[in-house]
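Asker: So here's coords-v6.cif, just mmCIF, C-alpha atoms and all ligand atoms:
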```cif
data_coords
loop_
_atom_site.label_atom_id
_atom_site.label_comp_id
_atom_site.auth_asym_id
_atom_site.auth_seq_id
_atom_site.Cartn_x
_atom_site.Cartn_y
_atom_site.Cartn_z
CA MET U 1 33.46 -116.52 83.11
CA PRO U 2 34.12 -115.14 79.67
CA ARG U 3 32.88 -117.09 76.75
CA LEU U 4 35.29 -118.34 74.20
CA ARG U 5 35.00 -117.96 70.52
CA ILE U 6 36.63 -119.80 67.70
CA HIS U 7 37.43 -117.98 64.53
CA VAL U 8 39.85 -117.95 61.69
CA THR U 9 42.61 -115.42 61.62
CA GLY U 10 45.41 -114.47 59.34
CA TRP U 11 45.61 -113.60 55.71
CA ASP U 12 48.74 -115.31 54.57
CA ARG U 13 48.84 -118.14 57.03
CA ARG U 14 45.35 -118.99 58.15
CA SER U 15 44.91 -120.68 61.45
CA LEU U 16 42.14 -121.51 63.82
CA VAL U 17 42.39 -119.59 67.06
CA LEU U 18 40.47 -119.47 70.27
CA THR U 19 39.98 -115.95 71.59
CA ASP U 20 38.66 -114.46 74.75
CA THR U 21 35.37 -112.60 74.50
CA PRO U 22 33.73 -109.95 76.69
CA GLN U 23 31.34 -110.94 79.41
CA PRO U 24 27.84 -110.63 77.98
CA ASP U 25 26.48 -109.24 81.25
CA CYS U 26 29.43 -107.06 82.15
CA PRO U 27 28.20 -103.99 84.10
CA ASP U 28 30.91 -101.78 82.65
CA CYS U 29 30.71 -102.45 78.95
CA ASP U 30 27.30 -104.12 78.71
CA GLY U 31 28.84 -106.97 76.77
CA GLU U 32 30.28 -104.64 74.18
CA GLY U 33 33.82 -105.48 75.25
CA GLY U 34 34.90 -101.88 75.55
CA HIS U 35 34.09 -98.28 74.87
CA ASN U 36 34.60 -95.90 72.03
CA HIS U 37 36.09 -92.55 72.86
CA ASP U 38 35.79 -89.84 70.30
CA TYR U 39 38.63 -87.42 70.51
CA GLY U 40 39.17 -84.09 68.90
CA ASP U 41 42.06 -82.20 67.49
CA HIS U 42 43.90 -80.33 70.24
CA GLU U 43 43.97 -77.02 68.39
CA THR U 44 40.77 -76.92 66.42
CA GLY U 45 38.64 -79.11 68.64
CA GLU U 46 37.26 -80.85 65.61
CA TYR U 47 36.61 -84.55 65.55
CA ALA U 48 39.85 -86.33 64.86
CA GLY U 49 39.12 -89.98 65.45
CA THR U 50 37.90 -92.63 67.81
CA ASP U 51 39.85 -94.55 70.39
CA TRP U 52 38.80 -98.05 71.30
CA ASP U 53 39.17 -98.79 74.95
CA PRO U 54 38.85 -102.49 75.68
CA CYS U 55 37.06 -103.45 78.86
CA HIS U 56 38.77 -105.17 81.77
CA CYS U 57 36.36 -108.12 81.61
CA TRP U 58 38.23 -109.74 78.78
CA ASP U 59 41.63 -109.80 77.17
CA GLU U 60 41.59 -109.27 73.45
CA ASN U 61 45.21 -110.37 73.28
CA ARG U 62 44.52 -113.65 74.95
CA ARG U 63 44.33 -116.22 72.23
CA TRP U 64 45.34 -119.72 71.59
CA THR U 65 46.22 -121.01 68.19
CA LEU U 66 44.63 -124.40 67.77
CA PHE U 67 46.16 -125.44 64.51
CA PRO U 68 47.09 -123.88 61.21
CA LEU U 69 44.69 -124.45 58.38
CA PRO U 70 45.96 -125.88 55.14
CA ARG U 71 46.30 -123.43 52.34
CA LEU U 72 43.51 -123.79 49.84
CA PRO U 73 44.71 -123.92 46.28
CA ARG U 74 43.19 -121.16 44.25
CA ARG U 75 42.58 -121.66 40.57
CA ARG U 76 42.55 -118.14 39.28
CA THR U 77 43.96 -119.00 35.87
CA PRO U 78 41.16 -119.93 33.49
CA GLN U 79 41.33 -123.19 31.75
CA THR U 80 42.16 -122.42 28.17
CA ASP U 81 41.76 -124.80 25.32
CA PRO U 82 44.70 -124.31 22.96
CA TRP U 83 42.59 -125.64 20.12
CA GLY U 84 39.48 -123.68 21.02
CA PRO U 85 38.00 -120.84 18.99
CA ALA U 86 39.45 -118.21 21.37
CA SER U 87 43.01 -119.46 20.86
CA GLY U 88 45.51 -116.63 20.55
CA TYR U 89 42.88 -114.02 21.12
CA SER U 90 41.21 -112.74 24.26
CA ASP U 91 39.25 -109.66 25.16
CA GLU U 92 39.12 -110.65 28.81
CA PRO U 93 40.82 -108.32 31.27
CA PRO U 94 43.91 -109.93 32.77
CA PHE U 95 42.53 -111.11 36.08
ZN ZN K 101 33.29 -105.47 80.26
#
```
Represent the supplied structure as structure tokens.
Ligand SMILES: [Zn+2]
Answerer:
Amino acid sequence: MPRLRIHVTGWDRRSLVLTDTPQPDCPDCDGEGGHNHDYGDHETGEYAGTDWDPCHCWDENRRWTLFPLPRLPRRRTPQTDPWGPASGYSDEPPF
């Protein structure tokens, strides 16, 4: 029975999702959830990348969205005092 894991996903619209996880004692993947396959370029034979092969003991696409999280307001604009000493002048980079 695969364990379930709750985590937060999404960049723009964050939501809480429940995802399937690999079997910790799976004989095929040893709980890793899959295998990496290095592959080489067909002509030169040099290393060209790594393929991720998910194991059969879990389904990485099986997920349930529990509920969307509210967007947290971000105060990135500094509070400026119009009457402060730095009024009209700033050497801060614009971020
Ligand atoms: Zn497995």
Asker: Find, counting all atoms listed in the file, the residue in U:Cys57, U:Gly45, U:Asp38, U:Trp52 that gets nearest to ligand ZN 101 (chain K).
Answerer: U:Cys57
Asker: What do you get as an MDAnalysis selection string if you pick all residues at most 9 Å from ligand ZN 101 (chain K), counting all atoms listed in the file?
Answerer: chainID U and resid 22:34 54:58
Asker: Go ahead and write the selection's residues with C-alpha atoms as a PDB file, in the frame of the given file.
Answerer:
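Here's the written file out-v3.pdb:
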```
ATOM      1  CA  PRO U  22      33.730-109.950  76.690  1.00  0.00           C
ATOM      2  CA  GLN U  23      31.340-110.940  79.410  1.00  0.00           C
ATOM      3  CA  PRO U  24      27.840-110.630  77.980  1.00  0.00           C
ATOM      4  CA  ASP U  25      26.480-109.240  81.250  1.00  0.00           C
ATOM      5  CA  CYS U  26      29.430-107.060  82.150  1.00  0.00           C
ATOM      6  CA  PRO U  27      28.200-103.990  84.100  1.00  0.00           C
ATOM      7  CA  ASP U  28      30.910-101.780  82.650  1.00  0.00           C
ATOM      8  CA  CYS U  29      30.710-102.450  78.950  1.00  0.00           C
ATOM      9  CA  ASP U  30      27.300-104.120  78.710  1.00  0.00           C
ATOM     10  CA  GLY U  31      28.840-106.970  76.770  1.00  0.00           C
ATOM     11  CA  GLU U  32      30.280-104.640  74.180  1.00  0.00           C
ATOM     12  CA  GLY U  33      33.820-105.480  75.250  1.00  0.00           C
ATOM     13  CA  GLY U  34      34.900-101.880  75.550  1.00  0.00           C
ATOM     14  CA  PRO U  54      38.850-102.490  75.680  1.00  0.00           C
ATOM     15  CA  CYS U  55      37.060-103.450  78.860  1.00  0.00           C
ATOM     16  CA  HIS U  56      38.770-105.170  81.770  1.00  0.00           C
ATOM     17  CA  CYS U  57      36.360-108.120  81.610  1.00  0.00           C
ATOM     18  CA  TRP U  58      38.230-109.740  78.780  1.00  0.00           C
TER      19      TRP U  58
END
```
Asker: Under the rule that all atoms listed in the file are counted, which of U:Pro73, U:Glu60, U:Leu66, U:Glu43 is the nearest residue to Thr19 (chain U)?
Answerer: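 Smallest separation from Thr19 (chain U) among the options: U:Glu60.
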Asker: For CA of His7 (chain U) and CA of Trp64 (chain U), quote the distance in Å rounded to one decimal.
Answerer: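 Result for CA of His7 (chain U) versus CA of Trp64 (chain U): 10.7 Å, one decimal.
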Asker: Quick one: distance from CA of Thr65 (chain U) to CA of Leu18 (chain U) in Å, one decimal?
Answerer: 6.3 Å
Asker: Provide the CA of Arg62 (chain U) to CA of Thr21 (chain U) distance in Å, to one decimal place.
Answerer: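 Going from CA of Arg62 (chain U) over to CA of Thr21 (chain U) covers 9.2 Å.
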Asker: Would you fill the gaps in region 11-31 of chain U so it has N, CA and C atoms, then print it as a compact mmCIF listing (two decimals), in the frame of the given file?
Answerer:
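So the final result, stored in selection.txt, reads:
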```txt
# COMPACT_ATOMS: atom_id res chain seq x y z
N TRP U 11 45.86 -113.73 57.14
CA TRP U 11 45.61 -113.60 55.71
C TRP U 11 46.53 -114.55 54.95
N ASP U 12 47.78 -114.48 55.29
CA ASP U 12 48.74 -115.31 54.57
C ASP U 12 48.71 -116.73 55.10
N ARG U 13 48.83 -116.83 56.41
CA ARG U 13 48.84 -118.14 57.03
C ARG U 13 47.61 -118.23 57.91
N ARG U 14 46.59 -118.91 57.42
CA ARG U 14 45.35 -118.99 58.15
C ARG U 14 45.46 -120.04 59.24
N SER U 15 44.92 -119.70 60.38
CA SER U 15 44.91 -120.68 61.45
C SER U 15 43.65 -120.49 62.28
N LEU U 16 43.32 -121.53 62.97
CA LEU U 16 42.14 -121.51 63.82
C LEU U 16 42.58 -121.10 65.22
N VAL U 17 41.98 -120.06 65.74
CA VAL U 17 42.39 -119.59 67.06
C VAL U 17 41.18 -119.49 67.97
N LEU U 18 41.47 -119.62 69.23
CA LEU U 18 40.47 -119.47 70.27
C LEU U 18 40.75 -118.12 70.93
N THR U 19 39.75 -117.26 70.99
CA THR U 19 39.98 -115.95 71.59
C THR U 19 39.03 -115.72 72.75
N ASP U 20 39.49 -114.87 73.63
CA ASP U 20 38.66 -114.46 74.75
C ASP U 20 37.58 -113.52 74.24
N THR U 21 36.44 -113.52 74.89
CA THR U 21 35.37 -112.60 74.50
C THR U 21 34.86 -111.87 75.73
N PRO U 22 34.25 -110.71 75.54
CA PRO U 22 33.73 -109.95 76.69
C PRO U 22 32.61 -110.71 77.40
N GLN U 23 32.46 -110.38 78.67
CA GLN U 23 31.34 -110.94 79.41
C GLN U 23 30.05 -110.34 78.90
N PRO U 24 29.08 -111.18 78.53
CA PRO U 24 27.84 -110.63 77.98
C PRO U 24 27.07 -109.77 78.96
N ASP U 25 27.24 -110.02 80.26
CA ASP U 25 26.48 -109.24 81.25
C ASP U 25 27.39 -108.33 82.06
N CYS U 26 28.49 -107.92 81.44
CA CYS U 26 29.43 -107.06 82.15
C CYS U 26 28.78 -105.72 82.47
N PRO U 27 28.84 -105.27 83.74
CA PRO U 27 28.20 -103.99 84.10
C PRO U 27 28.91 -102.78 83.52
N ASP U 28 30.16 -102.93 83.14
CA ASP U 28 30.91 -101.78 82.65
C ASP U 28 30.74 -101.56 81.16
N CYS U 29 30.76 -102.64 80.40
CA CYS U 29 30.71 -102.45 78.95
C CYS U 29 29.43 -103.00 78.35
N ASP U 30 28.59 -103.61 79.19
CA ASP U 30 27.30 -104.12 78.71
C ASP U 30 27.49 -105.20 77.65
N GLY U 31 28.59 -105.91 77.74
CA GLY U 31 28.84 -106.97 76.77
C GLY U 31 29.46 -106.50 75.49
```
